[in-house]
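Source file: data.pdb; contents: PDB, C-alpha atoms, pLDDT in the B column.
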```pdb
ATOM      1  CA  MET A1415    -113.500  -4.152  39.657  1.00 72.00           C
ATOM      2  CA  ASN A1416    -115.832  -4.599  42.602  1.00 83.00           C
ATOM      3  CA  THR A1417    -114.458  -5.091  46.074  1.00 86.00           C
ATOM      4  CA  LEU A1418    -115.796  -8.231  47.703  1.00 87.00           C
ATOM      5  CA  GLU A1419    -116.057  -9.018  51.364  1.00 90.00           C
ATOM      6  CA  PHE A1420    -116.305 -12.465  52.872  1.00 92.00           C
ATOM      7  CA  LYS A1421    -117.230 -13.428  56.385  1.00 96.00           C
ATOM      8  CA  ALA A1422    -115.601 -16.500  57.919  1.00 98.00           C
ATOM      9  CA  ILE A1423    -118.103 -19.199  58.871  1.00 98.00           C
ATOM     10  CA  GLY A1424    -115.598 -20.734  61.273  1.00 98.00           C
ATOM     11  CA  VAL A1425    -111.975 -21.680  61.742  1.00 98.00           C
ATOM     12  CA  VAL A1426    -109.802 -24.652  60.802  1.00 98.00           C
ATOM     13  CA  LYS A1427    -108.185 -26.411  63.772  1.00 97.00           C
ATOM     14  CA  SER A1428    -105.161 -28.552  62.950  1.00 94.00           C
ATOM     15  CA  GLN A1429    -101.892 -29.790  64.408  1.00 90.00           C
ATOM     16  CA  PHE A1430     -99.960 -27.522  62.031  1.00 86.00           C
ATOM     17  CA  LYS A1431     -98.839 -24.473  64.008  1.00 87.00           C
ATOM     18  CA  SER A1432     -96.210 -23.319  61.481  1.00 81.00           C
ATOM     19  CA  LEU A1433     -95.861 -23.427  57.712  1.00 73.00           C
ATOM     20  CA  GLU A1434     -92.695 -25.515  57.888  1.00 73.00           C
ATOM     21  CA  GLU A1435     -94.469 -28.519  59.436  1.00 70.00           C
ATOM     22  CA  MET A1436     -97.467 -28.418  57.102  1.00 66.00           C
ATOM     23  CA  PRO A1437     -97.837 -30.741  54.077  1.00 64.00           C
ATOM     24  CA  ILE A1438     -98.372 -29.003  50.735  1.00 62.00           C
ATOM     25  CA  GLN A1439    -101.398 -31.056  49.676  1.00 57.00           C
ATOM     26  CA  PRO A1440    -104.023 -33.030  51.641  1.00 55.00           C
ATOM     27  CA  THR A1441    -103.106 -36.292  49.900  1.00 56.00           C
ATOM     28  CA  GLY A1442     -99.611 -36.364  51.393  1.00 53.00           C
ATOM     29  CA  ASP A1443     -98.579 -38.832  54.083  1.00 53.00           C
ATOM     30  CA  LEU A1444     -98.136 -35.862  56.400  1.00 55.00           C
ATOM     31  CA  ALA A1445    -101.798 -34.769  56.223  1.00 63.00           C
ATOM     32  CA  SER A1446    -103.547 -35.205  59.542  1.00 82.00           C
ATOM     33  CA  PRO A1447    -106.867 -35.207  61.337  1.00 92.00           C
ATOM     34  CA  GLY A1448    -108.334 -31.961  62.600  1.00 96.00           C
ATOM     35  CA  TYR A1449    -111.673 -30.238  62.820  1.00 98.00           C
ATOM     36  CA  LEU A1450    -113.678 -27.325  61.524  1.00 98.00           C
ATOM     37  CA  GLU A1451    -115.097 -25.124  64.275  1.00 98.00           C
ATOM     38  CA  ILE A1452    -118.255 -23.610  62.803  1.00 98.00           C
ATOM     39  CA  GLU A1453    -119.626 -20.331  64.193  1.00 98.00           C
ATOM     40  CA  GLU A1454    -122.771 -20.980  66.220  1.00 98.00           C
ATOM     41  CA  SER A1455    -124.910 -18.846  63.890  1.00 98.00           C
ATOM     42  CA  TYR A1456    -124.113 -21.233  60.990  1.00 98.00           C
ATOM     43  CA  VAL A1457    -124.587 -24.601  62.749  1.00 98.00           C
ATOM     44  CA  GLU A1458    -128.133 -25.010  61.415  1.00 98.00           C
ATOM     45  CA  GLY A1459    -126.595 -25.141  57.913  1.00 98.00           C
ATOM     46  CA  LEU A1460    -124.855 -28.424  58.829  1.00 98.00           C
ATOM     47  CA  LYS A1461    -128.186 -30.295  58.695  1.00 98.00           C
ATOM     48  CA  ASP A1462    -127.864 -33.463  56.544  1.00 97.00           C
ATOM     49  CA  LEU A1463    -124.110 -33.021  56.017  1.00 98.00           C
ATOM     50  CA  ASP A1464    -123.478 -36.219  58.005  1.00 96.00           C
ATOM     51  CA  GLY A1465    -124.667 -38.250  54.996  1.00 97.00           C
ATOM     52  CA  PHE A1466    -121.575 -37.252  52.999  1.00 97.00           C
ATOM     53  CA  SER A1467    -118.100 -38.787  53.278  1.00 97.00           C
ATOM     54  CA  HIS A1468    -116.041 -35.868  51.917  1.00 96.00           C
ATOM     55  CA  LEU A1469    -116.109 -32.084  51.783  1.00 96.00           C
ATOM     56  CA  TYR A1470    -114.520 -29.281  49.866  1.00 96.00           C
ATOM     57  CA  ILE A1471    -113.313 -26.687  52.326  1.00 97.00           C
ATOM     58  CA  LEU A1472    -112.629 -23.153  51.131  1.00 98.00           C
ATOM     59  CA  TYR A1473    -110.447 -20.986  53.328  1.00 97.00           C
ATOM     60  CA  HIS A1474    -108.473 -17.765  53.427  1.00 97.00           C
ATOM     61  CA  PHE A1475    -104.660 -17.952  53.201  1.00 93.00           C
ATOM     62  CA  HIS A1476    -104.486 -15.482  56.096  1.00 93.00           C
ATOM     63  CA  LYS A1477    -100.684 -15.591  56.459  1.00 90.00           C
ATOM     64  CA  VAL A1478    -100.028 -14.681  52.820  1.00 90.00           C
ATOM     65  CA  LYS A1479     -99.102 -11.011  52.453  1.00 89.00           C
ATOM     66  CA  GLN A1480     -98.315 -10.893  48.726  1.00 91.00           C
ATOM     67  CA  SER A1481     -99.742 -11.756  45.337  1.00 94.00           C
ATOM     68  CA  LYS A1482     -97.691 -12.958  42.361  1.00 94.00           C
ATOM     69  CA  LEU A1483     -98.622 -13.941  38.843  1.00 96.00           C
ATOM     70  CA  LEU A1484     -95.452 -16.002  38.310  1.00 96.00           C
ATOM     71  CA  VAL A1485     -94.346 -18.487  40.986  1.00 92.00           C
ATOM     72  CA  LYS A1486     -91.872 -21.294  41.542  1.00 87.00           C
ATOM     73  CA  PRO A1487     -94.141 -23.903  43.157  1.00 80.00           C
ATOM     74  CA  PHE A1488     -93.170 -26.548  45.697  1.00 73.00           C
ATOM     75  CA  MET A1489     -93.246 -29.351  43.118  1.00 71.00           C
ATOM     76  CA  ASP A1490     -90.977 -27.838  40.434  1.00 78.00           C
ATOM     77  CA  ASP A1491     -87.893 -25.688  39.900  1.00 84.00           C
ATOM     78  CA  ALA A1492     -89.432 -23.876  36.933  1.00 90.00           C
ATOM     79  CA  VAL A1493     -91.541 -20.728  37.123  1.00 93.00           C
ATOM     80  CA  HIS A1494     -95.243 -21.138  36.246  1.00 92.00           C
ATOM     81  CA  GLY A1495     -98.256 -18.847  36.093  1.00 94.00           C
ATOM     82  CA  VAL A1496    -100.009 -18.801  39.477  1.00 94.00           C
ATOM     83  CA  PHE A1497    -103.247 -20.060  37.907  1.00 94.00           C
ATOM     84  CA  ALA A1498    -101.396 -23.200  36.716  1.00 91.00           C
ATOM     85  CA  THR A1499    -100.408 -23.915  40.340  1.00 87.00           C
ATOM     86  CA  ARG A1500    -101.966 -24.226  43.757  1.00 83.00           C
ATOM     87  CA  ALA A1501     -99.593 -21.654  45.245  1.00 87.00           C
ATOM     88  CA  PRO A1502    -101.216 -19.469  47.936  1.00 89.00           C
ATOM     89  CA  VAL A1503     -99.948 -16.112  46.569  1.00 91.00           C
ATOM     90  CA  ARG A1504    -103.019 -15.608  44.427  1.00 93.00           C
ATOM     91  CA  PRO A1505    -104.855 -12.365  43.611  1.00 94.00           C
ATOM     92  CA  ASN A1506    -107.548 -13.663  45.987  1.00 93.00           C
ATOM     93  CA  ALA A1507    -105.863 -15.660  48.741  1.00 93.00           C
ATOM     94  CA  ILE A1508    -108.420 -18.485  48.714  1.00 95.00           C
ATOM     95  CA  GLY A1509    -107.443 -22.099  49.317  1.00 94.00           C
ATOM     96  CA  MET A1510    -109.375 -25.297  48.728  1.00 94.00           C
ATOM     97  CA  SER A1511    -108.934 -28.828  50.038  1.00 92.00           C
ATOM     98  CA  VAL A1512    -110.918 -32.048  49.872  1.00 91.00           C
ATOM     99  CA  VAL A1513    -111.190 -33.666  53.300  1.00 93.00           C
ATOM    100  CA  ALA A1514    -112.889 -36.778  54.661  1.00 94.00           C
ATOM    101  CA  ILE A1515    -115.577 -36.380  57.331  1.00 97.00           C
ATOM    102  CA  ASP A1516    -115.118 -38.503  60.452  1.00 96.00           C
ATOM    103  CA  ARG A1517    -118.080 -37.192  62.392  1.00 97.00           C
ATOM    104  CA  ILE A1518    -120.061 -34.073  63.220  1.00 98.00           C
ATOM    105  CA  GLU A1519    -120.643 -33.065  66.835  1.00 98.00           C
ATOM    106  CA  GLY A1520    -122.505 -29.823  67.386  1.00 97.00           C
ATOM    107  CA  CYS A1521    -120.472 -27.028  65.805  1.00 98.00           C
ATOM    108  CA  ARG A1522    -117.451 -29.247  65.046  1.00 98.00           C
ATOM    109  CA  ILE A1523    -116.832 -31.257  61.901  1.00 98.00           C
ATOM    110  CA  TYR A1524    -114.030 -33.746  62.594  1.00 98.00           C
ATOM    111  CA  ILE A1525    -112.051 -34.421  59.423  1.00 97.00           C
ATOM    112  CA  GLN A1526    -109.115 -36.372  57.933  1.00 93.00           C
ATOM    113  CA  ASN A1527    -106.552 -35.497  55.230  1.00 89.00           C
ATOM    114  CA  LEU A1528    -106.047 -31.951  56.494  1.00 89.00           C
ATOM    115  CA  ASP A1529    -103.169 -29.819  55.172  1.00 87.00           C
ATOM    116  CA  VAL A1530    -104.220 -26.416  56.528  1.00 91.00           C
ATOM    117  CA  LEU A1531    -102.558 -24.165  59.103  1.00 92.00           C
ATOM    118  CA  ASP A1532    -104.208 -24.038  62.535  1.00 95.00           C
ATOM    119  CA  GLY A1533    -106.395 -20.954  62.952  1.00 97.00           C
ATOM    120  CA  THR A1534    -107.094 -20.509  59.229  1.00 97.00           C
ATOM    121  CA  PRO A1535    -110.405 -18.699  58.592  1.00 98.00           C
ATOM    122  CA  LEU A1536    -112.960 -21.041  57.012  1.00 98.00           C
ATOM    123  CA  LEU A1537    -114.976 -19.375  54.231  1.00 98.00           C
ATOM    124  CA  ASP A1538    -117.258 -22.186  53.082  1.00 98.00           C
ATOM    125  CA  ILE A1539    -117.821 -25.928  52.957  1.00 98.00           C
ATOM    126  CA  LYS A1540    -119.430 -27.893  50.150  1.00 97.00           C
ATOM    127  CA  PRO A1541    -120.174 -31.615  49.882  1.00 97.00           C
ATOM    128  CA  TYR A1542    -117.991 -33.580  47.495  1.00 95.00           C
ATOM    129  CA  VAL A1543    -120.221 -35.369  44.977  1.00 94.00           C
ATOM    130  CA  PRO A1544    -118.365 -37.629  42.495  1.00 89.00           C
ATOM    131  CA  ALA A1545    -121.202 -37.521  39.955  1.00 88.00           C
ATOM    132  CA  PHE A1546    -120.784 -33.726  39.818  1.00 88.00           C
ATOM    133  CA  ASP A1547    -117.073 -33.346  40.543  1.00 86.00           C
ATOM    134  CA  LEU A1548    -115.267 -36.060  38.585  1.00 82.00           C
ATOM    135  CA  PRO A1549    -114.545 -35.178  34.943  1.00 78.00           C
ATOM    136  CA  GLN A1550    -115.801 -37.754  32.456  1.00 78.00           C
ATOM    137  CA  ALA A1551    -113.019 -37.188  29.913  1.00 78.00           C
ATOM    138  CA  PRO A1552    -109.361 -38.126  30.428  1.00 80.00           C
ATOM    139  CA  VAL A1553    -107.717 -35.677  32.820  1.00 76.00           C
ATOM    140  CA  ARG A1554    -104.413 -33.945  32.068  1.00 76.00           C
ATOM    141  CA  VAL A1555    -102.342 -32.397  34.859  1.00 70.00           C
ATOM    142  CA  GLY A1556     -99.910 -30.364  32.769  1.00 78.00           C
ATOM    143  CA  TRP A1557     -96.480 -29.716  34.266  1.00 71.00           C
ATOM    144  CA  LEU A1558     -97.492 -31.681  37.399  1.00 65.00           C
ATOM    145  CA  ASP A1559     -97.485 -35.000  35.549  1.00 65.00           C
ATOM    146  CA  LYS A1560     -94.066 -36.045  36.915  1.00 63.00           C
ATOM    147  CA  PRO A1561     -93.677 -33.979  40.148  1.00 53.00           C
ATOM    148  CA  ALA A1562     -97.024 -35.183  41.549  1.00 51.00           C
ATOM    149  CA  GLU A1563     -95.458 -38.585  42.195  1.00 54.00           C
ATOM    150  CA  ALA A1564     -93.214 -37.032  44.896  1.00 52.00           C
ATOM    151  CA  ILE A1565     -95.958 -35.237  46.835  1.00 49.00           C
ATOM    152  CA  GLN A1566     -96.399 -37.724  49.680  1.00 50.00           C
ATOM    153  CA  ALA A1567     -93.637 -36.358  51.920  1.00 50.00           C
ATOM    154  CA  ARG A1568     -93.352 -32.706  50.816  1.00 50.00           C
ATOM    155  CA  LYS A1569     -93.741 -29.973  53.424  1.00 52.00           C
ATOM    156  CA  SER A1570     -94.453 -26.281  53.113  1.00 53.00           C
ATOM    157  CA  ASP A1571     -91.948 -23.485  53.714  1.00 55.00           C
ATOM    158  CA  GLN A1572     -91.829 -19.679  53.883  1.00 56.00           C
ATOM    159  CA  ARG A1573     -91.583 -19.054  50.122  1.00 53.00           C
ATOM    160  CA  PHE A1574     -95.103 -17.612  49.814  1.00 54.00           C
ATOM    161  CA  VAL A1575     -95.375 -15.399  52.915  1.00 55.00           C
TER     162      VAL A1575
END
```
Here is a file; write its structure as structure tokens.
Amino acid sequence: MNTLEFKAIGVVKSQFKSLEEMPIQPTGDLASPGYLEIEESYVEGLKDLDGFSHLYILYHFHKVKQSKLLVKPFMDDAVHGVFATRAPVRPNAIGMSVVAIDRIEGCRIYIQNLDVLDGTPLLDIKPYVPAFDLPQAPVRVGWLDKPAEAIQARKSDQRFV
């Protein structure tokens, strides 16, 4: 396998200073506003982004020090394959969230619905486009069908570090 290297394009700034206070998904009631601090050399790439309402943000789970193929996720007591979860202990510690854009000022993108630890390296941003991103067929969510109802008030913990 090839070794890949990524360079952070910025950093995520949030109110979440520890894993224990962080929500486990951006849709939870505990998600908060924050901002993306983009490196000056990448600011030109923000041109025309202000026309979008939402973004995908891709980031590095920089506090995760392990990788597992079987995990007991936050939303269930059963063990599942890591690729059937959103657990951070992945072979490549890459996270993804959909956030709402409030405004863009210089090198800062102010956002809502943030569930990411303060200081997390930002790898990429992509505009959310419903015509491209929403499946046309009925969507199944597997084992998350029932647990997803309880997500609103769930917080993170130390289980994956």
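Closest approach to Leu1463 in chain A among A:Pro1447, A:Pro1541, A:Gly1520, A:Gly1509: A:Pro1541, based on only C-alpha atoms.
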Could you tell me which residues the PyMOL selection byres ((chain A and resi 1508) around 8) grabs in this file, written as a list in words? Leu1472, Tyr1473, His1474, Phe1475, Pro1502, Arg1504, Asn1506, Ala1507, Gly1509 and Met1510 of chain A
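Distance check against Ser1467 in chain A using all atoms listed in the file: of A:Ala1551, A:Ile1515, A:Gly1556, A:Asp1532, the minimum falls on A:Ile1515.
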Quick one: apply the PyMOL selection byres ((chain A and resi 1419-1429) around 9) to the file and drop the selected residues here as an NGL selection string. :A and (1417-1418 or 1430-1431 or 1436 or 1446-1456 or 1473-1474 or 1528-1539)
For the residues selected in the previous step, produce a file with C-alpha atoms as a tab-separated table (two decimals), in the frame of the given file.
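So the final result, stored in out.tsv, reads:
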```
chain	number	residue	atom	x	y	z
A	1417	THR	CA	-114.46	-5.09	46.07
A	1418	LEU	CA	-115.80	-8.23	47.70
A	1430	PHE	CA	-99.96	-27.52	62.03
A	1431	LYS	CA	-98.84	-24.47	64.01
A	1436	MET	CA	-97.47	-28.42	57.10
A	1446	SER	CA	-103.55	-35.20	59.54
A	1447	PRO	CA	-106.87	-35.21	61.34
A	1448	GLY	CA	-108.33	-31.96	62.60
A	1449	TYR	CA	-111.67	-30.24	62.82
A	1450	LEU	CA	-113.68	-27.32	61.52
A	1451	GLU	CA	-115.10	-25.12	64.28
A	1452	ILE	CA	-118.26	-23.61	62.80
A	1453	GLU	CA	-119.63	-20.33	64.19
A	1454	GLU	CA	-122.77	-20.98	66.22
A	1455	SER	CA	-124.91	-18.85	63.89
A	1456	TYR	CA	-124.11	-21.23	60.99
A	1473	TYR	CA	-110.45	-20.99	53.33
A	1474	HIS	CA	-108.47	-17.76	53.43
A	1528	LEU	CA	-106.05	-31.95	56.49
A	1529	ASP	CA	-103.17	-29.82	55.17
A	1530	VAL	CA	-104.22	-26.42	56.53
A	1531	LEU	CA	-102.56	-24.16	59.10
A	1532	ASP	CA	-104.21	-24.04	62.54
A	1533	GLY	CA	-106.40	-20.95	62.95
A	1534	THR	CA	-107.09	-20.51	59.23
A	1535	PRO	CA	-110.40	-18.70	58.59
A	1536	LEU	CA	-112.96	-21.04	57.01
A	1537	LEU	CA	-114.98	-19.38	54.23
A	1538	ASP	CA	-117.26	-22.19	53.08
A	1539	ILE	CA	-117.82	-25.93	52.96
```
Which residues are near His1468 in chain A? Cut-off 10 Å, all atoms listed in the file, ignore same chain within fewer than 6 positions. Put them as a PDB file with C-alpha atoms, keeping the file's coordinate frame.
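out-v9.pdb written:
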```pdb
ATOM      1  CA  VAL A1512    -110.918 -32.048  49.872  1.00 91.00           C
ATOM      2  CA  VAL A1513    -111.190 -33.666  53.300  1.00 93.00           C
ATOM      3  CA  ALA A1514    -112.889 -36.778  54.661  1.00 94.00           C
ATOM      4  CA  ILE A1515    -115.577 -36.380  57.331  1.00 97.00           C
ATOM      5  CA  ASP A1516    -115.118 -38.503  60.452  1.00 96.00           C
ATOM      6  CA  ILE A1525    -112.051 -34.421  59.423  1.00 97.00           C
ATOM      7  CA  GLN A1526    -109.115 -36.372  57.933  1.00 93.00           C
ATOM      8  CA  LYS A1540    -119.430 -27.893  50.150  1.00 97.00           C
ATOM      9  CA  PRO A1541    -120.174 -31.615  49.882  1.00 97.00           C
ATOM     10  CA  TYR A1542    -117.991 -33.580  47.495  1.00 95.00           C
ATOM     11  CA  VAL A1543    -120.221 -35.369  44.977  1.00 94.00           C
ATOM     12  CA  PRO A1544    -118.365 -37.629  42.495  1.00 89.00           C
TER      13      PRO A1544
END
```
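Interatomic distance, CA of Asp1490 in chain A against CA of Val1503 in chain A: 16.0 Å.
Coordinates place CA of Leu1460 in chain A at a distance of 29.5 Å from CA of Ala1501 in chain A.
Of note, CA of Gln1550 in chain A and CA of Tyr1470 in chain A are spaced 19.4 Å apart.
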Could you tell me, as a ChimeraX atom specification, exactly which residues end up selected when the PyMOL selection byres ((chain A and resi 1480-1484) around 7) is applied to this structure? /A:1478-1479,1485,1493-1496,1503-1505,1575
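Nearest-residue note for Tyr1524 in chain A: choosing from A:Lys1477, A:Leu1469, A:Ser1511, A:Ala1545, the minimum distance belongs to A:Leu1469, counting only C-alpha atoms.
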Would you please work out which residue, of A:Val1553, A:Arg1500, A:Arg1517, A:Leu1433, is nearest to His1476 in chain A when using all atoms listed in the file? A:Leu1433
